[in-house]
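Novice: As input, take query-v8.txt (compact mmCIF, C-alpha atoms):
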```txt
# COMPACT_ATOMS: atom_id res chain seq x y z
CA MET A 1 0.00 0.00 0.00
CA THR A 2 1.40 3.37 -1.00
CA LEU A 3 0.01 6.76 -0.09
CA THR A 4 1.66 9.44 -2.22
CA SER A 5 2.00 13.08 -1.28
CA LYS A 6 -0.71 13.91 -3.81
CA THR A 7 -3.07 11.37 -2.23
CA PHE A 8 -2.26 12.71 1.22
CA LEU A 9 -3.15 16.26 0.16
CA ALA A 10 -6.42 14.95 -1.29
CA LEU A 11 -7.13 13.22 2.02
CA LEU A 12 -6.55 16.47 3.88
CA VAL A 13 -8.88 18.35 1.53
CA LEU A 14 -11.55 15.71 2.14
CA LEU A 15 -11.18 15.92 5.89
CA PHE A 16 -10.65 19.61 6.42
CA SER A 17 -12.76 21.45 3.84
CA ALA A 18 -16.29 21.13 5.24
CA THR A 19 -18.48 24.20 4.84
CA ARG A 20 -21.18 24.14 7.51
CA SER A 21 -23.53 26.99 8.27
CA GLY A 22 -24.77 27.52 11.78
CA ALA A 23 -22.09 25.29 13.29
CA GLN A 24 -21.77 25.41 17.07
CA GLN A 25 -18.59 23.47 17.73
CA ALA A 26 -14.94 23.60 16.85
CA ARG A 27 -14.56 22.98 13.14
CA ILE A 28 -11.75 22.94 10.64
CA ILE A 29 -12.32 24.86 7.41
CA SER A 30 -9.00 24.09 5.69
CA THR A 31 -5.24 23.55 6.06
CA VAL A 32 -4.90 22.59 9.75
CA ALA A 33 -5.55 19.42 11.77
CA THR A 34 -6.41 18.22 15.29
CA LEU A 35 -8.24 21.35 16.38
CA ARG A 36 -8.91 21.05 20.11
CA THR A 37 -10.51 23.09 22.89
CA GLU A 38 -9.46 21.83 26.31
CA VAL A 39 -10.49 22.80 29.83
CA ASN A 40 -7.93 21.72 32.43
CA GLY A 41 -6.46 19.32 29.89
CA TYR A 42 -9.85 17.71 29.14
CA LEU A 43 -11.34 17.87 25.64
CA ASP A 44 -14.50 19.99 25.63
CA PRO A 45 -15.87 20.89 22.17
CA LEU A 46 -18.07 23.59 23.73
CA PRO A 47 -16.28 25.20 26.72
CA VAL A 48 -18.37 27.35 29.05
CA ILE A 49 -16.59 29.82 31.35
CA ALA A 50 -18.00 32.16 33.98
CA LEU A 51 -18.07 35.88 33.19
CA GLY A 52 -15.47 37.83 35.17
CA SER A 53 -13.80 34.68 36.55
CA ASP A 54 -10.24 33.43 36.10
CA GLU A 55 -11.49 30.40 34.16
CA ASP A 56 -9.98 29.81 30.74
CA PHE A 57 -9.46 27.14 28.10
CA GLU A 58 -6.77 26.21 25.60
CA VAL A 59 -7.15 26.17 21.83
CA SER A 60 -4.61 24.17 19.81
CA PHE A 61 -4.09 22.80 16.30
CA ASP A 62 -1.38 21.46 13.99
CA GLU A 63 -0.17 22.64 10.59
CA PHE A 64 1.58 20.02 8.43
CA SER A 65 5.00 21.57 7.90
CA HIS A 66 7.96 23.06 9.74
CA ASN A 67 7.49 26.36 7.95
CA TYR A 68 6.34 29.22 10.15
CA HIS A 69 2.88 30.54 9.33
CA ARG A 70 1.42 33.63 10.92
CA PHE A 71 -1.93 32.73 12.47
CA LEU A 72 -4.36 35.19 14.08
CA TYR A 73 -7.62 34.78 15.93
CA ARG A 74 -10.69 36.99 16.02
CA LEU A 75 -13.57 37.07 18.55
CA GLU A 76 -17.26 37.47 17.69
CA HIS A 77 -20.40 37.54 19.86
CA LEU A 78 -23.31 35.35 18.74
CA ASP A 79 -27.00 35.07 19.59
CA ARG A 80 -28.70 32.06 21.20
CA LEU A 81 -28.93 30.34 17.78
CA TRP A 82 -25.23 30.95 17.11
CA ARG A 83 -25.74 33.75 14.59
CA PRO A 84 -23.73 37.02 14.79
CA SER A 85 -25.09 39.58 17.29
CA SER A 86 -25.42 42.38 14.77
CA ASP A 87 -26.59 45.00 17.31
CA LEU A 88 -23.39 44.88 19.41
CA PHE A 89 -20.16 46.71 18.68
CA PHE A 90 -16.89 44.86 19.30
CA SER A 91 -15.97 47.25 22.12
CA GLU A 92 -19.23 46.40 23.90
CA TYR A 93 -18.55 42.67 24.18
CA ALA A 94 -14.74 42.52 24.31
CA GLU A 95 -11.83 44.32 25.89
CA ALA A 96 -8.84 43.81 23.58
CA THR A 97 -5.53 45.28 22.53
CA GLN A 98 -6.52 44.67 18.89
CA THR A 99 -9.26 42.86 16.97
CA ASP A 100 -6.94 40.23 15.42
CA ILE A 101 -4.63 38.65 17.99
CA PRO A 102 -1.47 36.85 16.78
CA ILE A 103 -0.87 33.26 17.95
CA GLU A 104 2.64 33.39 19.30
CA ASP A 105 2.96 29.96 20.97
CA TYR A 106 4.13 27.40 18.41
CA THR A 107 6.53 24.43 18.46
CA GLU A 108 7.85 22.20 15.67
CA SER A 109 7.26 18.46 15.97
CA GLN A 110 10.17 16.17 16.83
CA ASN A 111 10.92 12.45 16.38
CA VAL A 112 7.97 11.92 14.01
CA THR A 113 7.65 10.79 10.41
CA THR A 114 5.00 13.36 9.38
CA LEU A 115 6.22 16.87 10.12
CA TYR A 116 3.90 19.42 11.72
CA THR A 117 3.98 22.57 13.83
CA HIS A 118 1.81 22.75 16.93
CA TYR A 119 0.11 26.11 17.63
CA SER A 120 -1.79 27.00 20.81
CA PHE A 121 -3.19 29.86 22.91
CA ARG A 122 -5.27 30.30 26.02
CA PHE A 123 -8.48 32.30 26.18
CA PRO A 124 -9.19 34.73 27.83
CA ASN A 125 -5.74 36.28 28.23
CA ALA A 126 -3.98 39.61 28.70
CA ASP A 127 -4.74 40.60 25.09
CA ILE A 128 -8.48 39.92 25.06
CA ARG A 129 -11.37 39.04 27.35
CA PRO A 130 -15.19 39.00 27.01
CA LEU A 131 -17.27 41.72 28.67
CA VAL A 132 -20.76 40.21 28.43
CA SER A 133 -22.28 36.76 28.64
CA GLY A 134 -23.59 34.76 25.69
CA ASN A 135 -22.33 32.60 22.85
CA TYR A 136 -19.03 33.35 21.16
CA ARG A 137 -17.00 32.29 18.15
CA ILE A 138 -13.24 32.46 17.71
CA THR A 139 -12.14 32.40 14.08
CA ILE A 140 -8.55 31.36 13.40
CA LEU A 141 -7.02 33.06 10.37
CA LEU A 142 -3.97 32.37 8.23
CA ASP A 143 -2.23 35.71 7.61
CA ASP A 144 0.15 34.58 4.86
CA ASP A 145 -1.73 36.39 2.08
CA ASP A 146 -3.04 39.90 1.53
CA GLU A 147 -6.37 38.97 3.12
CA PRO A 148 -6.36 36.70 6.20
CA LEU A 149 -7.91 33.32 5.34
CA PRO A 150 -10.20 31.57 7.87
CA VAL A 151 -8.91 28.07 8.59
CA ALA A 152 -10.84 27.05 11.71
CA GLU A 153 -13.51 28.11 14.20
CA VAL A 154 -14.14 27.34 17.85
CA TYR A 155 -17.33 28.06 19.77
CA PHE A 156 -17.81 28.62 23.48
CA GLY A 157 -20.14 30.17 26.03
CA VAL A 158 -19.71 32.78 28.75
CA THR A 159 -22.26 32.45 31.55
CA GLU A 160 -23.42 34.86 34.23
CA ASN A 161 -24.56 32.04 36.55
CA ALA A 162 -27.60 34.22 37.28
CA VAL A 163 -30.06 31.32 37.57
CA ALA A 164 -30.04 27.95 39.30
CA VAL A 165 -30.38 25.02 36.90
CA LYS A 166 -31.16 21.64 38.44
CA GLY A 167 -32.16 18.42 36.77
CA SER A 168 -31.96 14.66 36.38
CA VAL A 169 -32.03 11.96 33.73
CA THR A 170 -34.59 9.17 33.97
CA THR A 171 -35.38 6.03 32.00
CA ASP A 172 -39.10 6.39 32.78
CA THR A 173 -39.89 8.39 29.67
CA GLU A 174 -42.89 9.59 27.71
CA THR A 175 -41.94 6.94 25.13
CA ASP A 176 -41.07 3.82 27.12
CA TYR A 177 -39.86 2.53 30.52
CA ASN A 178 -36.36 1.04 30.99
CA ASP A 179 -36.11 0.34 27.30
CA ARG A 180 -34.48 2.46 24.54
CA HIS A 181 -34.73 6.07 25.73
CA GLN A 182 -33.68 8.55 28.39
CA GLN A 183 -35.59 11.66 29.43
CA VAL A 184 -34.09 14.90 30.68
CA THR A 185 -36.06 16.71 33.40
CA PHE A 186 -34.89 20.06 34.74
CA SER A 187 -35.94 23.30 36.38
CA VAL A 188 -34.69 26.89 36.25
CA ASP A 189 -35.03 29.26 39.21
CA CYS A 190 -34.66 32.87 38.13
CA PRO A 191 -36.13 35.17 40.81
CA SER A 192 -33.73 38.05 40.07
CA LEU A 193 -34.34 38.29 36.32
CA PRO A 194 -36.83 40.90 35.03
CA ILE A 195 -38.90 38.31 33.22
CA ARG A 196 -41.85 39.60 31.23
CA ASP A 197 -43.02 36.31 29.70
CA CYS A 198 -41.32 33.10 30.83
CA ARG A 199 -42.05 31.27 27.62
CA GLU A 200 -40.67 34.10 25.48
CA ASP A 201 -37.79 35.43 27.57
CA ILE A 202 -36.18 32.13 28.61
CA PHE A 203 -34.72 29.87 25.93
CA THR A 204 -32.90 26.55 26.42
CA THR A 205 -30.69 24.17 24.49
CA VAL A 206 -30.01 20.57 25.59
CA LEU A 207 -27.11 18.51 24.20
CA GLN A 208 -26.41 14.79 24.56
CA ASN A 209 -22.67 14.02 24.71
CA GLY A 210 -21.88 17.29 22.94
CA ARG A 211 -23.80 16.26 19.80
CA TRP A 212 -25.56 18.95 17.78
CA ASP A 213 -27.24 16.62 15.31
CA ASN A 214 -29.83 15.60 17.95
CA ALA A 215 -29.78 18.77 20.07
CA VAL A 216 -33.12 19.90 21.49
CA ILE A 217 -33.35 23.65 20.89
CA GLY A 218 -36.07 25.87 22.32
CA ALA A 219 -38.28 23.26 24.03
CA PRO A 220 -40.98 25.17 26.01
CA PRO A 221 -41.33 24.62 29.77
CA THR A 222 -44.19 22.43 30.96
CA SER A 223 -45.00 24.75 33.86
CA THR A 224 -44.10 28.23 35.14
CA ALA A 225 -44.70 29.89 38.50
CA LEU A 226 -43.13 32.94 40.15
CA GLY A 227 -39.74 32.74 38.43
CA HIS A 228 -39.63 28.93 38.60
CA LEU A 229 -39.73 27.08 35.27
CA THR A 230 -39.98 23.31 34.93
CA TRP A 231 -39.40 20.94 32.04
CA ASP A 232 -41.03 17.79 33.46
CA HIS A 233 -41.86 14.84 31.18
CA GLN A 234 -41.46 17.10 28.16
CA ARG A 235 -41.73 14.76 25.17
CA ALA A 236 -39.22 16.82 23.18
CA LEU A 237 -36.57 15.99 25.80
CA VAL A 238 -36.70 12.23 25.22
CA PHE A 239 -33.39 11.10 23.71
CA PRO A 240 -32.50 7.73 22.14
CA ALA A 241 -30.15 6.28 24.75
CA GLY A 242 -27.57 4.88 22.33
CA ASN A 243 -24.84 2.59 23.60
CA GLU A 244 -21.51 3.01 25.33
CA TYR A 245 -18.91 4.39 22.94
CA ARG A 246 -16.49 2.06 21.21
CA LYS A 247 -12.82 2.77 21.90
CA PHE A 248 -9.29 2.15 20.70
CA GLU A 249 -5.74 3.23 21.51
CA ILE A 250 -2.87 3.90 19.11
CA LEU A 251 -0.16 4.75 21.62
CA SER A 252 2.85 3.29 19.83
CA ALA A 253 4.09 3.52 16.25
CA ARG A 254 5.67 0.07 16.65
CA TYR A 255 2.89 -2.21 17.87
CA PRO A 256 -0.93 -2.22 18.01
CA GLY A 257 -2.88 -1.14 21.07
CA LEU A 258 -6.40 -1.66 22.39
CA ASN A 259 -8.79 -2.79 19.62
CA VAL A 260 -6.16 -2.14 16.95
CA GLU A 261 -5.50 -4.93 14.47
CA SER A 262 -2.19 -3.68 13.12
CA VAL A 263 0.23 -0.75 12.95
CA ARG A 264 2.37 -0.88 9.82
CA TRP A 265 4.59 1.38 7.75
CA PHE A 266 3.65 1.89 4.10
CA ASP A 267 5.96 4.53 2.72
CA PRO A 268 5.59 7.42 3.45
CA TYR A 269 3.03 7.04 6.29
CA ILE A 270 2.19 4.88 9.26
CA HIS A 271 -1.14 3.06 8.95
CA ALA A 272 -3.22 1.88 11.89
CA THR A 273 -6.06 -0.55 11.18
CA ILE A 274 -8.79 -0.63 13.80
CA SER A 275 -10.28 -4.08 14.43
CA THR A 276 -13.37 -4.55 12.25
CA ASP A 277 -16.49 -3.52 14.13
CA GLU A 278 -19.80 -5.37 14.11
CA VAL A 279 -23.27 -3.95 14.55
CA CYS A 280 -24.01 -3.94 18.29
CA ARG A 281 -26.85 -6.27 19.24
CA ASN A 282 -26.46 -5.91 23.00
CA TYR A 283 -25.56 -3.29 25.57
CA LEU A 284 -21.81 -2.81 25.90
CA THR A 285 -20.87 -3.31 29.54
CA THR A 286 -17.72 -1.23 29.32
CA GLU A 287 -16.53 2.10 30.66
CA ASP A 288 -16.29 4.96 28.17
CA GLN A 289 -15.71 8.71 28.19
CA ASN A 290 -18.76 9.79 26.14
CA GLY A 291 -16.92 10.47 22.92
CA ILE A 292 -13.68 12.16 23.95
CA ASN A 293 -10.14 11.48 22.83
CA VAL A 294 -6.82 12.06 24.56
CA ILE A 295 -3.67 12.81 22.55
CA ARG A 296 -0.81 10.74 23.95
CA ASN A 297 1.94 8.25 23.09
CA THR A 298 4.26 5.81 24.82
CA ASP A 299 7.29 6.21 22.53
CA ASN A 300 8.29 9.83 23.26
CA GLN A 301 7.93 12.52 25.91
CA ASP A 302 5.86 15.44 24.66
CA ASP A 303 2.34 14.44 23.60
CA ALA A 304 1.66 17.69 21.73
CA THR A 305 4.76 17.66 19.51
CA GLU A 306 6.23 14.13 19.61
CA THR A 307 3.09 12.21 18.71
CA GLU A 308 2.76 10.59 15.29
CA TYR A 309 0.02 11.08 12.73
CA MET A 310 -1.32 7.80 11.32
CA VAL A 311 -3.68 6.98 8.48
CA THR A 312 -6.30 5.24 10.60
CA HIS A 313 -8.61 2.72 8.94
CA PHE A 314 -12.14 2.00 10.21
CA ALA A 315 -14.53 -0.72 9.08
CA LEU A 316 -18.09 -1.50 10.21
CA HIS A 317 -19.22 -4.93 8.98
CA VAL A 318 -22.79 -4.87 7.66
CA PRO A 319 -23.81 -7.81 5.39
CA GLU A 320 -26.04 -5.51 3.31
CA PRO A 321 -25.85 -1.70 3.15
CA PHE A 322 -28.50 0.19 5.06
CA ASP A 323 -31.46 1.14 2.88
CA ASP A 324 -31.30 4.78 1.73
CA ALA A 325 -28.99 5.73 4.59
CA ASP A 326 -25.40 6.82 5.16
CA VAL A 327 -23.00 6.01 8.00
CA TYR A 328 -20.84 8.57 9.82
CA LEU A 329 -18.06 8.24 12.36
CA SER A 330 -18.84 10.33 15.45
CA GLY A 331 -17.17 11.45 18.66
CA LYS A 332 -16.47 14.74 20.39
CA TRP A 333 -13.21 14.85 18.45
CA THR A 334 -15.20 14.81 15.18
CA THR A 335 -17.22 17.74 16.64
CA GLY A 336 -19.73 15.37 18.13
CA GLY A 337 -22.41 14.61 15.59
CA ILE A 338 -22.98 14.26 11.86
CA VAL A 339 -20.07 15.89 10.06
CA PRO A 340 -19.68 15.37 6.28
CA GLU A 341 -15.93 14.76 6.30
CA TRP A 342 -16.39 11.71 8.56
CA LYS A 343 -18.75 9.85 6.22
CA LEU A 344 -17.91 6.18 5.49
CA THR A 345 -18.22 4.39 2.13
CA TYR A 346 -19.74 0.93 1.68
CA ASN A 347 -17.39 -1.66 0.16
CA THR A 348 -19.36 -4.45 -1.50
CA GLU A 349 -16.35 -6.82 -1.48
CA SER A 350 -15.60 -6.57 2.25
CA ARG A 351 -19.27 -5.90 3.12
CA CYS A 352 -18.11 -3.08 5.35
CA TYR A 353 -18.60 0.64 5.68
CA GLU A 354 -15.03 1.90 5.49
CA GLY A 355 -13.05 5.08 5.96
CA ALA A 356 -9.42 6.18 6.39
CA PHE A 357 -8.58 9.32 8.35
CA MET A 358 -5.37 11.07 9.40
CA LEU A 359 -5.42 10.90 13.23
CA LYS A 360 -2.93 11.82 15.88
CA GLN A 361 -1.92 9.05 18.28
CA GLY A 362 -3.96 8.62 21.42
CA TYR A 363 -7.06 7.17 23.07
CA TYR A 364 -10.33 7.55 21.13
CA ASN A 365 -14.04 7.05 21.85
CA TYR A 366 -16.25 6.75 18.78
CA GLN A 367 -19.58 5.50 17.49
CA TYR A 368 -21.37 5.03 14.18
CA LEU A 369 -24.40 7.18 13.31
CA VAL A 370 -26.83 6.13 10.59
CA VAL A 371 -28.52 8.98 8.73
CA PRO A 372 -31.23 8.87 6.03
CA GLN A 373 -29.87 9.97 2.68
CA GLY A 374 -30.73 13.53 1.76
CA THR A 375 -30.56 14.78 5.34
CA SER A 376 -29.31 18.36 5.44
CA LEU A 377 -26.10 18.67 7.45
CA PRO A 378 -25.66 19.73 10.13
CA ALA A 379 -29.16 18.90 11.29
CA PRO A 380 -30.31 19.84 14.81
CA ASN A 381 -33.34 17.78 15.83
CA SER A 382 -32.44 15.50 12.92
CA THR A 383 -33.28 11.90 12.11
CA SER A 384 -29.83 10.53 12.91
CA HIS A 385 -29.96 7.10 14.50
CA THR A 386 -27.79 5.17 16.93
CA ILE A 387 -30.12 2.16 16.91
CA ALA A 388 -29.10 0.72 13.52
CA ALA A 389 -25.36 0.36 14.27
CA GLU A 390 -25.07 0.81 18.04
CA GLY A 391 -28.48 -0.05 19.48
CA ASP A 392 -30.36 2.02 22.07
CA HIS A 393 -30.17 0.84 25.68
CA PHE A 394 -31.56 2.63 28.72
CA GLN A 395 -28.53 1.62 30.82
CA THR A 396 -26.14 3.73 28.72
CA SER A 397 -24.10 6.33 30.57
CA ASN A 398 -24.61 9.70 28.82
CA GLU A 399 -24.00 13.33 29.70
CA TYR A 400 -26.45 16.15 28.99
CA ARG A 401 -25.50 19.82 28.89
CA ILE A 402 -28.25 22.40 29.45
CA LEU A 403 -27.76 26.01 28.32
CA VAL A 404 -30.21 28.69 29.52
CA TYR A 405 -30.53 32.05 27.72
CA PHE A 406 -32.44 35.21 28.63
CA SER A 407 -33.55 38.19 26.58
CA THR A 408 -36.45 40.65 26.56
CA PRO A 409 -37.79 42.97 23.85
CA GLY A 410 -35.29 45.78 23.39
CA CYS A 411 -32.34 43.72 24.66
CA ARG A 412 -29.56 43.87 22.08
CA TYR A 413 -28.08 40.45 22.79
CA HIS A 414 -28.97 37.09 24.29
CA ARG A 415 -27.50 36.54 27.75
CA LEU A 416 -26.30 33.10 28.78
CA VAL A 417 -27.58 33.09 32.36
CA GLY A 418 -27.01 29.51 33.45
CA THR A 419 -25.79 26.05 32.53
CA THR A 420 -25.41 22.63 34.08
CA LEU A 421 -24.14 19.19 33.14
CA LEU A 422 -26.28 16.14 33.98
CA HIS A 423 -25.22 12.49 33.89
CA SER A 424 -27.36 9.42 33.43
CA ARG A 425 -26.39 6.58 35.72
CA LYS A 426 -25.95 2.96 34.83
CA GLN A 427 -28.81 0.84 36.14
```
Take the structure from the file and write it as structure tokens.
Specialist:
Amino acid sequence: MTLTSKTFLALLVLLFSATRSGAQQARIISTVATLRTEVNGYLDPLPVIALGSDEDFEVSFDEFSHNYHRFLYRLEHLDRLWRPSSDLFFSEYAEATQTDIPIEDYTESQNVTTLYTHYSFRFPNADIRPLVSGNYRITILLDDDDEPLPVAEVYFGVTENAVAVKGSVTTDTETDYNDRHQQVTFSVDCPSLPIRDCREDIFTTVLQNGRWDNAVIGAPPTSTALGHLTWDHQRALVFPAGNEYRKFEILSARYPGLNVESVRWFDPYIHATISTDEVCRNYLTTEDQNGINVIRNTDNQDDATETEYMVTHFALHVPEPFDDADVYLSGKWTTGGIVPEWKLTYNTESRCYEGAFMLKQGYYNYQYLVVPQGTSLPAPNSTSHTIAAEGDHFQTSNEYRILVYFSTPGCRYHRLVGTTLLHSRKQ
């Protein structure tokens, strides 16, 4: 097997050239790889920090060369649906030394076969910080040409923590009991907010494992009373439970790791073949991390700059292709849901959905999502399915993030006033 430089560039174009409107998570537009947002070293595709606190997060990515490139980043405030807040001036939502901040922390890779330069920065920092709550986007720009070229975007929230958000996850749902679904129930206490109409002024978004393809956006409360809103047995908040994430480790460039069939050198790249997956018929009684990955290796010292890139091969064995449906690889490291560049192709000879992707060594959680053909991507409240490839089991351990927004007529932006993270528990 030979992967030429031309083929490698084509692979990068396939992986890193998605054009998605209304995206809410870190995404690569072109050129760079392994875009990550980390809080205390933990991958979080949608960081949320408290307004005025000392909380921050790290943004990092790799560029495949040892040539210096000047990268900048730019901040933008967004509304509750992740569209630009057109009524706010930059100076009203950010305190900054300049609008485009240079990324000055970069290190060339060492002891690896595929050369890259690792770039990173922390946000907020001495050069820029947010002044108001809400949703934000950071656009990373390549400043090598006359006009800076966007290469990646990251999304995050800044919360006021002005309301108390409490909730739980139950398997006694409006659809079934201890079967295939989980239901999110929560309440919001907001006695200090000048609420005019609870159903109009308060807006919520609920995410399962950081996925936006099945996000529940704008579900109305089931009851309201004196600044107390409740979402109790709201049918819109019933989620297919899915299954525990599959996992593998490619920690060494010399031998295979967990659930890896082989690691071999085919000039000029290392190839890792993940053990062929089967459609899950039963609940996986295994611990997972709800879709994260951790960049690490056992051959060298520095995980960020001494970790190899490998062409990583996936295969899901399905005797016959799904009728009028496509299969996508999904994890928080793929931005969590249905992302076009992670689509697999059915091979009639092997009877597998297959894909090969350039991944950095480490530990990975992943799953397969089955999507009816013709589905518009990305697709909040979409018809993506875990049941066909993974199964849906009420015992599955999932996490649910709730975001609560507030605005009234005349308010020029949507405030993020509260958030919480709920966990389902294994039965």
Novice: Just the residues within 7 Å of region 109-126 of chain A, please, counting all atoms listed in the file, with nothing from its chain fewer than 5 positions along; format it as a PDB file with C-alpha atoms, keeping the file's coordinate frame.
Specialist:
```
ATOM      1  CA  ASP A  56      -9.980  29.810  30.740  1.00  0.00           C
ATOM      2  CA  PHE A  57      -9.460  27.140  28.100  1.00  0.00           C
ATOM      3  CA  GLU A  58      -6.770  26.210  25.600  1.00  0.00           C
ATOM      4  CA  VAL A  59      -7.150  26.170  21.830  1.00  0.00           C
ATOM      5  CA  SER A  60      -4.610  24.170  19.810  1.00  0.00           C
ATOM      6  CA  PHE A  61      -4.090  22.800  16.300  1.00  0.00           C
ATOM      7  CA  ASP A  62      -1.380  21.460  13.990  1.00  0.00           C
ATOM      8  CA  GLU A  63      -0.170  22.640  10.590  1.00  0.00           C
ATOM      9  CA  PHE A  64       1.580  20.020   8.430  1.00  0.00           C
ATOM     10  CA  SER A  65       5.000  21.570   7.900  1.00  0.00           C
ATOM     11  CA  HIS A  66       7.960  23.060   9.740  1.00  0.00           C
ATOM     12  CA  ILE A 103      -0.870  33.260  17.950  1.00  0.00           C
ATOM     13  CA  ALA A 304       1.660  17.690  21.730  1.00  0.00           C
ATOM     14  CA  THR A 305       4.760  17.660  19.510  1.00  0.00           C
ATOM     15  CA  GLU A 306       6.230  14.130  19.610  1.00  0.00           C
ATOM     16  CA  THR A 307       3.090  12.210  18.710  1.00  0.00           C
ATOM     17  CA  GLU A 308       2.760  10.590  15.290  1.00  0.00           C
ATOM     18  CA  TYR A 309       0.020  11.080  12.730  1.00  0.00           C
TER      19      TYR A 309
END
```
Novice: Extract, using only C-alpha atoms, all DNA, RNA and protein residues at most 7 Å from Val294 (chain A), discarding same-chain residues fewer than 2 positions from it, and format them as a short mmCIF file (atom, residue, chain, number, x, y, z; two decimals) with C-alpha atoms, keeping the file's coordinate frame.
Specialist:
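around.cif was written with the following content:
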```
data_model
loop_
_atom_site.label_atom_id
_atom_site.label_comp_id
_atom_site.auth_asym_id
_atom_site.auth_seq_id
_atom_site.Cartn_x
_atom_site.Cartn_y
_atom_site.Cartn_z
CA ILE A 292 -13.68 12.16 23.95
CA ARG A 296 -0.81 10.74 23.95
CA GLY A 362 -3.96 8.62 21.42
CA TYR A 363 -7.06 7.17 23.07
CA TYR A 364 -10.33 7.55 21.13
#
```
Novice: Residues at most 8 Å from Val151 (chain A), counting all atoms listed in the file, excluding those fewer than 3 positions away in the same chain, as JSON, numbers by chain?
Specialist: {"A": [28, 29, 30, 31, 32, 139, 140, 141, 142]}
Novice: Give me, as CSV, the closest atom pair and its distance (Å, one decimal) for every residue of region 326-374 of chain A within a cut-off of 10 Å of region 277-285 of chain A, counting all atoms listed in the file, rows sorted by chain and rising number.
Specialist:
```
residue,atom,partner,partner_atom,distance
A:Cys352,CA,A:Asp277,CA,8.9
A:Tyr353,CA,A:Asp277,CA,9.7
A:Tyr368,CA,A:Val279,CA,9.2
```
Novice: Have a look at A:Asn297, A:Gln367, A:Gln24, A:Thr312 and name the one nearest to Glu261 (chain A); count all atoms listed in the file.
Specialist: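 Under the stated criterion, the closest residue is A:Thr312.
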Novice: I'd like the contact shell of Ala26 (chain A) - 12 Å cut-off, only C-alpha atoms, skipping same-chain residues fewer than 4 positions apart - returned as a PDB file with C-alpha atoms, keeping the file's coordinate frame.
Specialist:
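What follows is the written file selection-v9.pdb:
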```pdb
ATOM      1  CA  PHE A  16     -10.650  19.610   6.420  1.00  0.00           C
ATOM      2  CA  ALA A  18     -16.290  21.130   5.240  1.00  0.00           C
ATOM      3  CA  ARG A  20     -21.180  24.140   7.510  1.00  0.00           C
ATOM      4  CA  GLY A  22     -24.770  27.520  11.780  1.00  0.00           C
ATOM      5  CA  ALA A  33      -5.550  19.420  11.770  1.00  0.00           C
ATOM      6  CA  THR A  34      -6.410  18.220  15.290  1.00  0.00           C
ATOM      7  CA  LEU A  35      -8.240  21.350  16.380  1.00  0.00           C
ATOM      8  CA  ARG A  36      -8.910  21.050  20.110  1.00  0.00           C
ATOM      9  CA  THR A  37     -10.510  23.090  22.890  1.00  0.00           C
ATOM     10  CA  GLU A  38      -9.460  21.830  26.310  1.00  0.00           C
ATOM     11  CA  LEU A  43     -11.340  17.870  25.640  1.00  0.00           C
ATOM     12  CA  ASP A  44     -14.500  19.990  25.630  1.00  0.00           C
ATOM     13  CA  PRO A  45     -15.870  20.890  22.170  1.00  0.00           C
ATOM     14  CA  LEU A  46     -18.070  23.590  23.730  1.00  0.00           C
ATOM     15  CA  PRO A  47     -16.280  25.200  26.720  1.00  0.00           C
ATOM     16  CA  VAL A  59      -7.150  26.170  21.830  1.00  0.00           C
ATOM     17  CA  SER A  60      -4.610  24.170  19.810  1.00  0.00           C
ATOM     18  CA  PHE A  61      -4.090  22.800  16.300  1.00  0.00           C
ATOM     19  CA  TYR A 136     -19.030  33.350  21.160  1.00  0.00           C
ATOM     20  CA  ARG A 137     -17.000  32.290  18.150  1.00  0.00           C
ATOM     21  CA  ILE A 138     -13.240  32.460  17.710  1.00  0.00           C
ATOM     22  CA  THR A 139     -12.140  32.400  14.080  1.00  0.00           C
ATOM     23  CA  ILE A 140      -8.550  31.360  13.400  1.00  0.00           C
ATOM     24  CA  VAL A 151      -8.910  28.070   8.590  1.00  0.00           C
ATOM     25  CA  ALA A 152     -10.840  27.050  11.710  1.00  0.00           C
ATOM     26  CA  GLU A 153     -13.510  28.110  14.200  1.00  0.00           C
ATOM     27  CA  VAL A 154     -14.140  27.340  17.850  1.00  0.00           C
ATOM     28  CA  TYR A 155     -17.330  28.060  19.770  1.00  0.00           C
ATOM     29  CA  PHE A 156     -17.810  28.620  23.480  1.00  0.00           C
ATOM     30  CA  GLY A 210     -21.880  17.290  22.940  1.00  0.00           C
ATOM     31  CA  ARG A 211     -23.800  16.260  19.800  1.00  0.00           C
ATOM     32  CA  TRP A 212     -25.560  18.950  17.780  1.00  0.00           C
ATOM     33  CA  LYS A 332     -16.470  14.740  20.390  1.00  0.00           C
ATOM     34  CA  TRP A 333     -13.210  14.850  18.450  1.00  0.00           C
ATOM     35  CA  THR A 334     -15.200  14.810  15.180  1.00  0.00           C
ATOM     36  CA  THR A 335     -17.220  17.740  16.640  1.00  0.00           C
ATOM     37  CA  GLY A 336     -19.730  15.370  18.130  1.00  0.00           C
ATOM     38  CA  GLY A 337     -22.410  14.610  15.590  1.00  0.00           C
ATOM     39  CA  VAL A 339     -20.070  15.890  10.060  1.00  0.00           C
TER      40      VAL A 339
END
```
Novice: Mind pulling up the distance from CA of Asp232 (chain A) to CA of Arg196 (chain A)?
Specialist: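 Separation between CA of Arg196 (chain A) and CA of Asp232 (chain A): 21.9 Å.
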Novice: Counting all atoms listed in the file, which residues of region 365-422 of chain A fall within 12 Å of region 89-95 of chain A, and what is the closest atom pair for each with its distance in Å at one decimal, ordered by chain and rising number, as JSON lines?
Specialist:
```
{"residue": "A:Arg412", "atom": "CA", "partner": "A:Phe89", "partner_atom": "CA", "distance": 10.4}
{"residue": "A:Tyr413", "atom": "CA", "partner": "A:Tyr93", "partner_atom": "CA", "distance": 9.9}
{"residue": "A:His414", "atom": "CA", "partner": "A:Tyr93", "partner_atom": "CA", "distance": 11.8}
{"residue": "A:Arg415", "atom": "CA", "partner": "A:Tyr93", "partner_atom": "CA", "distance": 11.4}
```
